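Asks: Input structure: entry17.txt, which contains compact mmCIF, C-alpha atoms.
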```txt
# COMPACT_ATOMS: atom_id res chain seq x y z
CA MET A 1 0.00 0.00 0.00
CA ALA A 2 1.61 3.25 -1.17
CA VAL A 3 1.01 6.75 0.19
CA PHE A 4 -0.07 9.46 -2.24
CA LEU A 5 -0.50 13.22 -2.01
CA ILE A 6 -2.77 14.80 -4.64
CA THR A 7 -3.30 18.54 -4.97
CA GLY A 8 -6.48 20.07 -6.34
CA ALA A 9 -8.44 17.01 -5.30
CA ASP A 10 -11.85 18.64 -4.81
CA ARG A 11 -13.23 17.79 -8.23
CA GLY A 12 -12.35 16.96 -11.80
CA LEU A 13 -9.17 14.99 -12.48
CA GLY A 14 -7.89 15.31 -8.90
CA LEU A 15 -11.04 13.80 -7.42
CA SER A 16 -11.05 11.00 -9.96
CA LEU A 17 -7.40 10.23 -9.23
CA CYS A 18 -8.25 9.97 -5.52
CA HIS A 19 -11.19 7.71 -6.25
CA ALA A 20 -9.19 5.41 -8.50
CA LEU A 21 -6.31 5.10 -6.05
CA LEU A 22 -8.58 4.44 -3.09
CA ALA A 23 -10.38 1.76 -5.09
CA ARG A 24 -6.98 0.12 -5.61
CA GLY A 25 -6.38 0.08 -1.87
CA GLU A 26 -3.85 2.94 -1.70
CA ARG A 27 -3.66 5.60 1.00
CA VAL A 28 -4.36 9.14 -0.19
CA TYR A 29 -3.80 12.60 1.25
CA ALA A 30 -6.12 14.83 -0.73
CA GLY A 31 -5.33 18.53 -1.00
CA GLN A 32 -8.64 20.27 -0.41
CA PHE A 33 -9.06 23.82 -1.72
CA MET A 34 -12.86 24.06 -1.60
CA PRO A 35 -14.21 22.59 1.67
CA HIS A 36 -17.77 23.52 0.65
CA TRP A 37 -17.60 21.30 -2.44
CA PRO A 38 -19.33 18.03 -1.45
CA GLN A 39 -17.68 15.26 -3.46
CA LEU A 40 -14.42 14.92 -1.53
CA ASN A 41 -16.30 14.75 1.75
CA ALA A 42 -18.53 12.05 0.26
CA LEU A 43 -15.41 10.10 -0.71
CA LEU A 44 -14.13 10.46 2.85
CA ALA A 45 -17.31 8.85 4.14
CA GLN A 46 -16.66 5.94 1.78
CA TYR A 47 -12.95 5.54 2.70
CA PRO A 48 -12.58 6.95 6.24
CA LYS A 49 -9.32 5.13 6.98
CA ALA A 50 -7.48 5.39 3.68
CA LEU A 51 -8.33 8.99 2.80
CA LYS A 52 -7.19 12.07 4.68
CA LEU A 53 -8.20 15.58 3.71
CA LEU A 54 -5.55 18.26 3.79
CA PRO A 55 -6.57 21.92 3.57
CA LEU A 56 -4.30 23.24 0.82
CA ASP A 57 -4.15 26.30 -1.39
CA VAL A 58 -0.94 25.83 -3.37
CA ALA A 59 -0.94 29.52 -4.34
CA ASP A 60 -0.50 30.49 -0.71
CA GLY A 61 2.86 29.82 0.95
CA ALA A 62 1.35 29.82 4.44
CA SER A 63 -1.24 27.24 3.41
CA VAL A 64 1.50 25.03 1.94
CA SER A 65 3.50 25.31 5.17
CA ALA A 66 0.49 24.37 7.27
CA ALA A 67 -0.30 21.39 5.03
CA VAL A 68 3.27 20.10 5.24
CA LEU A 69 3.18 20.40 9.03
CA GLN A 70 -0.05 18.42 9.11
CA LEU A 71 1.49 15.80 6.84
CA GLU A 72 4.53 15.50 9.10
CA ALA A 73 2.30 15.03 12.12
CA THR A 74 0.11 12.33 10.60
CA LEU A 75 2.33 10.33 8.24
CA SER A 76 3.31 6.93 9.63
CA ALA A 77 5.22 5.89 6.50
CA PRO A 78 7.15 7.76 3.81
CA LEU A 79 5.20 9.72 1.26
CA ASP A 80 5.62 7.71 -1.94
CA VAL A 81 4.03 9.67 -4.76
CA VAL A 82 3.06 13.33 -5.13
CA ILE A 83 0.65 14.23 -7.92
CA HIS A 84 0.59 17.95 -8.61
CA ASN A 85 -2.82 18.38 -10.17
CA ALA A 86 -4.06 21.77 -8.94
CA GLY A 87 -4.65 24.14 -11.83
CA VAL A 88 -6.71 27.08 -13.03
CA LEU A 89 -7.60 28.54 -16.40
CA PRO A 90 -8.27 32.28 -15.96
CA GLY A 91 -11.32 33.58 -17.73
CA LYS A 92 -10.61 37.31 -17.50
CA GLU A 93 -6.90 37.74 -18.04
CA GLY A 94 -7.26 40.56 -20.59
CA GLU A 95 -6.11 40.89 -24.19
CA ILE A 96 -3.28 42.39 -26.20
CA ASP A 97 -5.18 45.51 -27.24
CA THR A 98 -6.85 46.21 -23.90
CA GLY A 99 -4.07 45.20 -21.54
CA PHE A 100 -3.69 42.32 -19.11
CA ASP A 101 -4.85 41.85 -15.56
CA HIS A 102 -1.64 41.41 -13.56
CA GLN A 103 -3.38 39.79 -10.62
CA GLU A 104 -5.05 37.16 -12.79
CA VAL A 105 -1.85 36.36 -14.66
CA LEU A 106 0.11 36.14 -11.42
CA ARG A 107 -2.54 34.02 -9.71
CA CYS A 108 -2.40 31.56 -12.61
CA PHE A 109 1.40 31.34 -12.25
CA LYS A 110 1.13 30.77 -8.50
CA VAL A 111 -1.44 27.98 -8.79
CA ASN A 112 -0.20 26.23 -11.93
CA ALA A 113 3.58 26.55 -11.53
CA LEU A 114 5.02 28.09 -8.39
CA GLY A 115 2.77 26.17 -6.01
CA ALA A 116 3.85 22.80 -7.41
CA ILE A 117 7.54 23.66 -7.27
CA ASP A 118 7.35 25.07 -3.74
CA LEU A 119 5.30 22.16 -2.40
CA THR A 120 7.73 19.67 -3.93
CA ARG A 121 10.68 21.27 -2.16
CA ARG A 122 8.89 21.21 1.15
CA VAL A 123 7.74 17.58 1.06
CA LEU A 124 11.08 16.16 -0.04
CA PRO A 125 12.11 15.22 3.53
CA LEU A 126 8.87 13.25 3.88
CA MET A 127 9.65 11.21 0.76
CA ALA A 128 12.91 9.72 2.03
CA GLY A 129 12.71 5.92 1.91
CA GLY A 130 9.59 5.96 -0.26
CA MET A 131 9.00 5.43 -3.98
CA LYS A 132 10.29 8.95 -4.72
CA ARG A 133 7.89 9.59 -7.57
CA LEU A 134 6.94 13.15 -8.57
CA CYS A 135 4.12 13.64 -11.06
CA PHE A 136 3.12 16.98 -12.54
CA VAL A 137 -0.03 17.65 -14.53
CA SER A 138 1.19 20.02 -17.22
CA SER A 139 -0.33 20.63 -20.64
CA GLU A 140 0.40 20.69 -24.33
CA ALA A 141 -0.42 24.40 -23.88
CA GLY A 142 2.99 24.71 -22.19
CA SER A 143 4.88 23.61 -25.30
CA ILE A 144 6.48 26.74 -26.76
CA ALA A 145 7.65 24.88 -29.84
CA VAL A 146 4.19 23.88 -30.99
CA ALA A 147 2.13 26.70 -29.47
CA HIS A 148 -0.53 27.70 -31.96
CA ARG A 149 -2.82 29.73 -29.74
CA THR A 150 -3.46 33.46 -29.92
CA ASP A 151 -5.15 33.65 -26.53
CA THR A 152 -5.13 31.99 -23.06
CA TYR A 153 -1.84 33.76 -22.41
CA ALA A 154 -1.69 33.34 -18.64
CA TYR A 155 -2.40 29.61 -18.79
CA CYS A 156 0.13 28.84 -21.53
CA MET A 157 2.77 30.96 -19.79
CA SER A 158 2.18 29.28 -16.44
CA LYS A 159 2.55 25.82 -17.97
CA ALA A 160 5.80 26.80 -19.71
CA ALA A 161 7.03 28.10 -16.34
CA LEU A 162 5.96 24.84 -14.70
CA ASN A 163 7.87 22.81 -17.29
CA MET A 164 10.98 24.88 -16.58
CA GLY A 165 10.58 24.50 -12.81
CA VAL A 166 10.17 20.73 -13.17
CA LYS A 167 13.29 20.59 -15.35
CA LEU A 168 15.30 22.28 -12.59
CA LEU A 169 13.88 19.87 -10.00
CA PHE A 170 14.70 16.98 -12.31
CA ASN A 171 18.30 18.14 -12.72
CA ARG A 172 18.66 18.21 -8.97
CA LEU A 173 16.63 15.22 -7.81
CA ARG A 174 17.07 12.60 -10.51
CA PRO A 175 20.61 11.81 -9.24
CA GLU A 176 18.98 11.11 -5.85
CA GLY A 177 16.73 8.48 -7.39
CA PHE A 178 13.56 10.48 -7.92
CA VAL A 179 11.35 9.53 -10.86
CA PHE A 180 9.50 12.26 -12.75
CA ARG A 181 6.34 12.37 -14.79
CA LEU A 182 5.40 15.53 -16.70
CA TYR A 183 2.02 14.87 -18.21
CA HIS A 184 -0.63 16.35 -20.48
CA PRO A 185 -3.90 14.63 -19.53
CA GLY A 186 -5.86 15.60 -22.63
CA TRP A 187 -8.84 17.90 -22.95
CA LEU A 188 -11.05 17.10 -20.00
CA ARG A 189 -14.63 17.75 -18.98
CA THR A 190 -13.52 19.42 -15.78
CA TYR A 191 -13.83 22.72 -13.93
CA MET A 192 -10.55 24.42 -14.88
CA SER A 193 -12.26 27.71 -15.71
CA GLY A 194 -14.75 27.49 -12.84
CA GLU A 195 -17.56 25.73 -14.71
CA LYS A 196 -17.60 22.22 -16.11
CA ASN A 197 -16.46 22.12 -19.72
CA ALA A 198 -19.00 19.90 -21.49
CA ASP A 199 -17.34 20.35 -24.90
CA ALA A 200 -14.14 18.54 -23.96
CA ARG A 201 -13.27 15.03 -25.10
CA LEU A 202 -12.59 13.06 -21.93
CA GLU A 203 -14.45 12.42 -18.70
CA ALA A 204 -12.28 12.85 -15.64
CA GLU A 205 -12.75 9.21 -14.60
CA ASP A 206 -11.32 7.93 -17.89
CA ALA A 207 -8.53 10.50 -17.83
CA ALA A 208 -7.58 9.45 -14.30
CA GLU A 209 -7.05 5.83 -15.35
CA MET A 210 -4.87 6.97 -18.26
CA ALA A 211 -2.92 9.31 -16.00
CA LEU A 212 -2.28 6.66 -13.35
CA SER A 213 -1.01 4.32 -16.02
CA ALA A 214 1.53 6.97 -17.05
CA PHE A 215 2.38 7.95 -13.47
CA LEU A 216 2.88 4.50 -12.02
CA SER A 217 4.33 2.41 -14.83
CA ASP A 218 8.10 2.20 -15.20
CA ARG A 219 10.03 3.28 -18.26
CA MET A 220 13.12 1.79 -19.84
CA CYS A 221 14.96 5.04 -19.16
CA GLU A 222 14.14 7.56 -16.47
CA ASP A 223 17.14 9.81 -17.08
CA ALA A 224 15.40 12.26 -19.39
CA LEU A 225 12.52 14.57 -18.58
CA VAL A 226 9.82 14.14 -21.21
CA LEU A 227 6.43 15.82 -21.50
CA THR A 228 4.04 13.04 -22.52
CA ASP A 229 0.32 12.99 -23.19
CA ASN A 230 -2.54 10.60 -22.49
CA GLU A 231 -1.82 8.71 -25.69
CA GLY A 232 1.86 8.21 -24.87
CA ARG A 233 3.13 10.81 -27.31
CA ALA A 234 6.10 13.03 -26.41
CA TRP A 235 5.76 16.80 -26.76
CA PRO A 236 8.67 19.19 -27.27
CA PHE A 237 9.21 22.01 -24.79
CA MET B 1 16.71 54.26 -42.90
CA ARG B 2 14.93 51.15 -41.64
CA PHE B 3 13.80 51.37 -38.00
CA GLU B 4 14.00 55.11 -37.40
CA SER B 5 12.22 55.21 -34.03
CA ALA B 6 13.07 52.75 -31.30
CA LEU B 7 11.30 52.15 -28.02
CA LEU B 8 13.71 50.47 -25.61
CA VAL B 9 12.19 49.13 -22.39
CA GLY B 10 14.43 47.68 -19.72
CA GLY B 11 17.66 48.45 -17.96
CA GLY B 12 21.17 47.26 -17.18
CA GLN B 13 24.35 47.18 -19.26
CA ARG B 14 22.83 45.51 -22.31
CA ALA B 15 20.01 48.02 -22.57
CA ASP B 16 22.44 50.91 -22.01
CA GLY B 17 24.68 49.57 -24.76
CA LEU B 18 21.76 49.13 -27.14
CA LYS B 19 20.65 52.69 -26.51
CA ASP B 20 24.12 54.00 -27.30
CA LEU B 21 24.30 52.02 -30.55
CA LEU B 22 20.83 53.07 -31.66
CA THR B 23 21.50 56.77 -31.05
CA ALA B 24 24.99 56.58 -32.57
CA THR B 25 23.39 55.42 -35.83
CA GLY B 26 21.03 58.39 -35.90
CA ARG B 27 17.86 56.77 -34.60
CA ARG B 28 15.30 58.34 -32.32
CA VAL B 29 15.22 56.42 -29.07
CA GLN B 30 12.93 56.48 -26.10
CA TYR B 31 14.62 54.49 -23.31
CA ILE B 32 12.37 53.76 -20.35
CA SER B 33 12.31 51.20 -17.56
CA LYS B 34 8.60 50.36 -17.83
CA ALA B 35 6.04 50.51 -20.64
CA SER B 36 3.79 52.67 -18.47
CA ALA B 37 6.33 55.51 -18.81
CA PHE B 38 5.93 55.62 -22.59
CA ASP B 39 5.38 59.13 -23.95
CA ALA B 40 2.72 58.83 -26.65
CA ALA B 41 4.10 61.94 -28.37
CA PHE B 42 7.10 59.79 -29.39
CA ALA B 43 4.95 57.59 -31.69
CA PRO B 44 5.11 56.09 -34.25
CA VAL B 45 7.58 53.41 -33.17
CA ASP B 46 8.86 50.85 -35.65
CA LEU B 47 11.40 49.05 -33.44
CA PHE B 48 10.39 47.71 -30.05
CA ILE B 49 13.11 46.26 -27.83
CA PHE B 50 12.54 44.64 -24.45
CA ALA B 51 15.88 44.25 -22.66
CA PRO B 52 15.15 43.67 -18.97
CA ASP B 53 17.62 43.98 -16.16
CA ILE B 54 17.78 40.64 -14.32
CA SER B 55 20.33 41.54 -11.65
CA ASP B 56 17.70 41.23 -8.91
CA PHE B 57 16.76 37.70 -9.92
CA ASP B 58 19.97 36.06 -11.10
CA GLY B 59 20.65 33.15 -8.77
CA GLY B 60 18.60 33.38 -5.61
CA ALA B 61 17.97 30.67 -3.12
CA GLU B 62 15.78 27.71 -4.02
CA ALA B 63 12.24 28.55 -5.10
CA ASP B 64 11.78 31.60 -2.90
CA ARG B 65 8.16 32.53 -3.50
CA THR B 66 8.62 36.27 -3.19
CA LEU B 67 11.58 36.29 -5.57
CA CYS B 68 9.72 34.10 -8.08
CA GLU B 69 6.72 36.43 -8.04
CA LYS B 70 8.91 39.52 -8.39
CA ALA B 71 10.72 37.98 -11.36
CA TYR B 72 7.39 37.12 -12.98
CA GLU B 73 6.23 40.70 -12.59
CA ALA B 74 9.50 42.19 -13.83
CA LEU B 75 9.90 39.93 -16.87
CA PRO B 76 6.82 38.42 -18.54
CA LEU B 77 4.36 40.84 -16.97
CA SER B 78 6.49 43.87 -17.94
CA LEU B 79 6.62 42.56 -21.49
CA MET B 80 2.85 42.06 -21.43
CA ASP B 81 2.51 45.74 -20.48
CA MET B 82 4.02 46.60 -23.89
CA ALA B 83 1.39 44.53 -25.71
CA ALA B 84 -1.03 47.36 -26.45
CA LEU B 85 1.82 49.28 -28.12
CA PHE B 86 2.67 46.20 -30.18
CA TYR B 87 -0.97 45.76 -31.15
CA HIS B 88 -1.15 49.21 -32.70
CA ALA B 89 2.24 48.98 -34.42
CA ALA B 90 2.57 49.38 -38.18
CA PRO B 91 3.06 46.25 -40.33
CA ASN B 92 6.74 47.09 -40.90
CA ALA B 93 7.50 47.15 -37.17
CA ARG B 94 9.76 44.68 -35.39
CA ILE B 95 9.49 43.32 -31.85
CA CYS B 96 12.75 42.22 -30.21
CA ALA B 97 13.43 40.59 -26.86
CA ALA B 98 16.84 40.33 -25.25
CA THR B 99 16.59 37.27 -23.06
CA TRP B 100 19.13 35.07 -21.23
CA PRO B 101 20.55 31.58 -21.74
CA GLU B 102 18.58 30.35 -18.73
CA ALA B 103 15.46 30.71 -20.89
CA SER B 104 15.94 27.35 -22.63
CA ILE B 105 14.11 24.50 -20.88
CA ASN B 106 15.85 21.94 -23.08
CA LEU B 107 19.35 23.18 -22.32
CA SER B 108 18.76 23.94 -18.65
CA ALA B 109 21.31 22.26 -16.40
CA GLY B 110 20.51 24.36 -13.34
CA THR B 111 19.46 22.88 -10.02
CA GLU B 112 18.53 25.97 -8.05
CA GLY B 113 17.59 29.61 -8.55
CA PHE B 114 14.09 28.98 -9.93
CA ALA B 115 12.90 32.59 -10.20
CA LEU B 116 14.73 33.68 -13.34
CA PRO B 117 14.39 30.52 -15.49
CA MET B 118 10.68 30.12 -14.77
CA ALA B 119 9.99 33.78 -15.58
CA LEU B 120 12.03 33.58 -18.78
CA ALA B 121 10.23 30.44 -19.94
CA ALA B 122 6.91 32.23 -19.47
CA MET B 123 8.31 35.21 -21.38
CA ASN B 124 9.24 32.95 -24.28
CA MET B 125 5.72 31.58 -24.34
CA PHE B 126 4.21 35.06 -24.38
CA LEU B 127 6.46 35.99 -27.29
CA LYS B 128 5.33 32.90 -29.17
CA LEU B 129 1.63 33.71 -28.65
CA LEU B 130 2.31 37.30 -29.64
CA PHE B 131 4.09 36.04 -32.75
CA ASN B 132 1.07 33.89 -33.63
CA LYS B 133 -1.18 36.93 -33.27
CA LEU B 134 0.90 39.67 -34.92
CA ARG B 135 3.09 37.97 -37.50
CA PRO B 136 0.15 37.66 -39.94
CA ARG B 137 0.00 41.48 -39.94
CA GLY B 138 3.59 41.67 -41.18
CA ILE B 139 5.35 42.42 -37.90
CA THR B 140 8.66 40.60 -37.50
CA PHE B 141 10.25 39.21 -34.34
CA ARG B 142 13.71 38.60 -32.86
CA VAL B 143 14.52 36.74 -29.63
CA CYS B 144 18.15 36.48 -28.61
CA CYS B 145 20.07 35.72 -25.41
CA ALA B 146 23.47 37.11 -26.44
CA LYS B 147 25.20 39.20 -23.77
CA SER B 148 26.90 41.62 -26.13
CA PRO B 149 24.87 44.76 -26.97
CA ALA B 150 26.71 44.96 -30.30
CA PHE B 151 25.62 41.45 -31.26
CA LEU B 152 22.06 42.12 -30.16
CA TYR B 153 21.99 45.37 -32.11
CA GLU B 154 23.23 43.68 -35.25
CA TYR B 155 20.85 40.73 -34.93
CA PHE B 156 17.81 42.78 -34.00
CA LEU B 157 18.12 45.20 -36.91
CA ARG B 158 19.33 42.79 -39.57
CA ASP B 159 16.93 41.36 -42.10
CA GLN B 160 17.30 37.64 -42.53
CA SER B 161 18.93 36.06 -45.49
CA PHE B 162 16.63 34.00 -47.64
CA GLU B 163 19.47 32.16 -49.40
CA ALA B 164 19.28 28.55 -48.34
CA ASP B 165 23.09 28.08 -48.34
CA ASN B 166 23.76 31.20 -46.28
CA PRO B 167 24.54 30.43 -42.59
CA LYS B 168 22.35 33.38 -41.68
CA HIS B 169 19.45 31.84 -43.54
CA SER B 170 16.32 32.06 -41.52
CA ASP B 171 12.60 32.15 -41.86
CA GLU B 172 10.50 35.05 -40.63
CA GLU B 173 7.57 32.65 -40.30
CA ARG B 174 9.25 30.80 -37.42
CA LEU B 175 9.95 32.33 -34.04
CA VAL B 176 13.35 31.13 -32.85
CA LEU B 177 15.58 31.68 -29.84
CA ARG B 178 19.18 32.47 -30.75
CA GLY B 179 22.23 32.31 -28.54
CA GLU B 180 25.58 34.02 -28.14
CA ASN B 181 26.93 33.17 -31.56
CA GLY B 182 23.64 33.44 -33.39
CA MET B 183 22.98 29.72 -33.31
CA GLU B 184 19.40 28.65 -32.84
CA MET B 185 18.68 27.21 -29.39
CA PRO B 186 15.83 24.85 -28.54
CA TRP B 187 13.07 26.24 -26.37
```
Translate this file's structure into structure tokens.

Replies:
Amino acid sequence: MAVFLITGADRGLGLSLCHALLARGERVYAGQFMPHWPQLNALLAQYPKALKLLPLDVADGASVSAAVLQLEATLSAPLDVVIHNAGVLPGKEGEIDTGFDHQEVLRCFKVNALGAIDLTRRVLPLMAGGMKRLCFVSSEAGSIAVAHRTDTYAYCMSKAALNMGVKLLFNRLRPEGFVFRLYHPGWLRTYMSGEKNADARLEAEDAAEMALSAFLSDRMCEDALVLTDNEGRAWPF
Amino acid sequence: MRFESALLVGGGQRADGLKDLLTATGRRVQYISKASAFDAAFAPVDLFIFAPDISDFDGGAEADRTLCEKAYEALPLSLMDMAALFYHAAPNARICAATWPEASINLSAGTEGFALPMALAAMNMFLKLLFNKLRPRGITFRVCCAKSPAFLYEYFLRDQSFEADNPKHSDEERLVLRGENGMEMPW
């Protein structure tokens, strides 16, 4: 039985990842950003021993510190796998001709990139002796080489920043035996922009199974950081 | 003369050197630290150069949140503040960014000092999205991480060669990052 930490677990992909792991008999610490949202609490009623809820806003350094302290106090075994899933897609970031909303752009960076990097640094001591597996939900939108968009600036920029931050972590932690997954989960029917996107291709439950396959399977070579998608394709940075 | 009026936003030795070279060749230059200081009476601008000073963010301990946020505001967000000026630029205008070698995710060998590389990667992405939006209007782009102001000046103002066997051959329809010697670097 492995121990997982999943951020952004309230709904969407994060919730489905929790559900799938609990169904497999794993232990899960679920980062909870929206305590009023009912589904994670319902899952807790179903798995009261294997699931622990962890108040966590990855954009807020104080919240991350408090969550790590709570983890330290309650973990009885090493933390094996961290899945950085928390993410937002700003709806009102602005435009080229009208100007951009600094606070929205910065908030997107803090949730989608900085939060994951900061949390990783802080939980490293808790991962000693465990599986040492770090998984990051990125996006094809973070690929500068193939970027085709003319909008969603803040989101694309935050994912490029995340990819860079993960590369720096990889350079440092791979020699210590850490395994990395940088992953584009596909276009999901989730709540990234606040409301459920019914136009997307994949339900979160299906995407979670695909993601876990990528996160937990071993590769022939782990010594290169590769951004892969839900169909196993590699994306350039 | 091509590129008669240059708006130079940034600071530090590279920006100072670029300003000197632009004025020495008879160009009008407005050199300001932030886009918000732009004097509209200076318009029209046909050469935009963003050459930020990174001395506050170079190195730094670990992933210090405050430093990372400051770097994000000073680099990609400062560039984004120039966007409205870019949007209203004439089709013959050029947008140039002087970046740093730490901007390449592929070539990154760093293990600490997250603030600068993460901000620069986001800046590259913004430039790419800007390129997608404005290149169809005719505006051209240059992104280079050379340290020498003279090299930057030459690369920013030069038109590309379209001769396939020329080492300076390039394609205005692709946004590329170039390094110290003009070689293309992977993002």

Asks: Within 9 Å of chain A, which residues of chain B show up when using only C-alpha atoms, listed as number ranges by chain?

Replies: B: 62-65, 68-69, 72-73, 76-77, 80-88, 103-106, 108-115, 117-126, 128-133, 175-176, 186-187

Asks: A:Val88: which residues within 9 Å, counting only C-alpha atoms, same-chain residues fewer than 4 positions away excluded, as a list in words?

Replies: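 Using only C-alpha atoms, the neighbours found are Arg107, Cys108, Val111, Asn112, Tyr155, Tyr191, Met192, Ser193 and Gly194 of chain A.
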
Asks: Please determine the residues with any atom at most 12 Å from (1.5, 6.6, 9.1) (coordinates as given in the file, with only C-alpha atoms counting) and report them as a PyMOL selection string.

Replies: chain A and resi 1-4+27-29+49-52+70-80+126

Asks: Do a neighbour search on B:Ser55 at 12 Å with all atoms listed in the file, toss out local chain neighbours closer than 2 positions, and write the hits as a list in words.

Replies: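 Contacts, with the query itself left out: Gly10, Gly11, Gly12, Gln13, Arg14, Pro52, Asp53, Phe57, Asp58, Gly59, Gly60, Leu67, Ala71, Ala74, Leu75, Trp100, Ala115 and Leu116 of chain B.
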
Asks: Near B:Ala97, counting all atoms listed in the file, which residues have an atom at most 7 Å away, once you skip same-chain residues fewer than 6 positions from it, shown as a list in words?

Replies: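 Close residues of B:Ala97: Ile49, Phe50, Ala51, Arg142, Val143 and Cys144 of chain B.
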
Asks: B:Gly182, B:Gly17, B:Gly26, B:Pro91: which is nearest B:Leu134, counting only C-alpha atoms?

Replies: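 For B:Leu134, the nearest of the given residues is B:Pro91.
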
Asks: Neighbourhood query: residues within 7 Å of (18.9, 41.6, -28.6), file coordinates, counting only C-alpha atoms; return as number ranges by chain.

Replies: B: 96-98, 143-146, 149, 152-153, 155-156

Asks: Please write out, as AutoDock Vina command-line options, where the centre of an axis-aligned box around all listed atoms of stretch 141-146 of chain B lies and how long its edges are, in Å to one decimal, after adding 4 Å on each side.

Replies:
```
--center_x 16.9 --center_y 37.5 --center_z -29.9 --size_x 21.2 --size_y 11.5 --size_z 16.9
```

Asks: Give me, as a compact mmCIF listing (two decimals) with C-alpha atoms, in the coordinates of the input, all polymer residues having an atom no more than 6 Å from stretch 208-219 of chain A, counting only C-alpha atoms and skipping those fewer than 4 positions away in the same chain.

Replies:
```txt
# COMPACT_ATOMS: atom_id res chain seq x y z
CA SER A 16 -11.05 11.00 -9.96
CA LEU A 17 -7.40 10.23 -9.23
CA ALA A 204 -12.28 12.85 -15.64
```

Asks: When you look at B:Glu173 with a cut-off of 9 Å (counting all atoms listed in the file), what residues show up, excluding the ones that are within fewer than 4 positions of it in the same chain? I need them as a count of residues only.

Replies: 4

Asks: Using only C-alpha atoms, which of the listed residues (B:Asp56, B:Gln30, B:Glu180, B:Phe3) sits closest to B:Ala150?

Replies: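 Closest residue, counting only C-alpha atoms: B:Glu180.
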
Asks: Quote the spacing between atom CA of B:Leu22 and atom CA of B:Leu79 in Å to one decimal place.

Replies: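 Straight-line distance from atom CA of B:Leu22 to atom CA of B:Leu79 works out to 20.4 Å.
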
Asks: Kindly indicate which residue among B:Glu172, B:Ser33, B:Gly179, B:Asn92 lies nearest to B:Ala15, using all atoms listed in the file for the distances.

Replies: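 The answer is B:Ser33, which sits nearest to B:Ala15.
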
Asks: Could you state the separation of atom CA of B:Val9 and atom CA of B:Gly138 in Å, given to one decimal place?

Replies: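 So the answer is 22.0 Å.
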
Asks: Add whatever atoms are absent from stretch 223-227 of chain A to reach all heavy atoms, and provide the output as a CSV table (one decimal), in the coordinates of the input.

Replies:
```csv
chain,number,residue,atom,x,y,z
A,223,ASP,N,16.1,8.8,-17.2
A,223,ASP,CA,17.1,9.8,-17.1
A,223,ASP,C,16.9,11.0,-18.0
A,223,ASP,O,17.9,11.7,-18.3
A,223,ASP,CB,18.5,9.2,-17.3
A,223,ASP,CG,18.9,8.3,-16.1
A,223,ASP,OD1,18.4,8.5,-15.0
A,223,ASP,OD2,19.7,7.4,-16.3
A,224,ALA,N,15.7,11.1,-18.6
A,224,ALA,CA,15.4,12.3,-19.4
A,224,ALA,C,14.0,12.7,-19.0
A,224,ALA,O,13.1,11.9,-18.8
A,224,ALA,CB,15.5,11.9,-20.9
A,225,LEU,N,13.8,14.0,-18.9
A,225,LEU,CA,12.5,14.6,-18.6
A,225,LEU,C,11.8,14.8,-19.9
A,225,LEU,O,12.2,15.5,-20.8
A,225,LEU,CB,12.6,15.9,-17.9
A,225,LEU,CG,11.3,16.5,-17.4
A,225,LEU,CD1,10.6,15.7,-16.4
A,225,LEU,CD2,11.5,18.0,-17.0
A,226,VAL,N,10.6,14.1,-20.0
A,226,VAL,CA,9.8,14.1,-21.2
A,226,VAL,C,8.4,14.5,-20.9
A,226,VAL,O,7.8,14.0,-19.9
A,226,VAL,CB,9.8,12.8,-21.9
A,226,VAL,CG1,9.1,12.9,-23.3
A,226,VAL,CG2,11.2,12.2,-22.1
A,227,LEU,N,7.9,15.5,-21.6
A,227,LEU,CA,6.4,15.8,-21.5
A,227,LEU,C,5.7,14.9,-22.4
A,227,LEU,O,5.9,14.8,-23.6
A,227,LEU,CB,6.2,17.3,-22.0
A,227,LEU,CG,4.7,17.7,-22.1
A,227,LEU,CD1,4.0,17.7,-20.8
A,227,LEU,CD2,4.7,19.2,-22.7
```
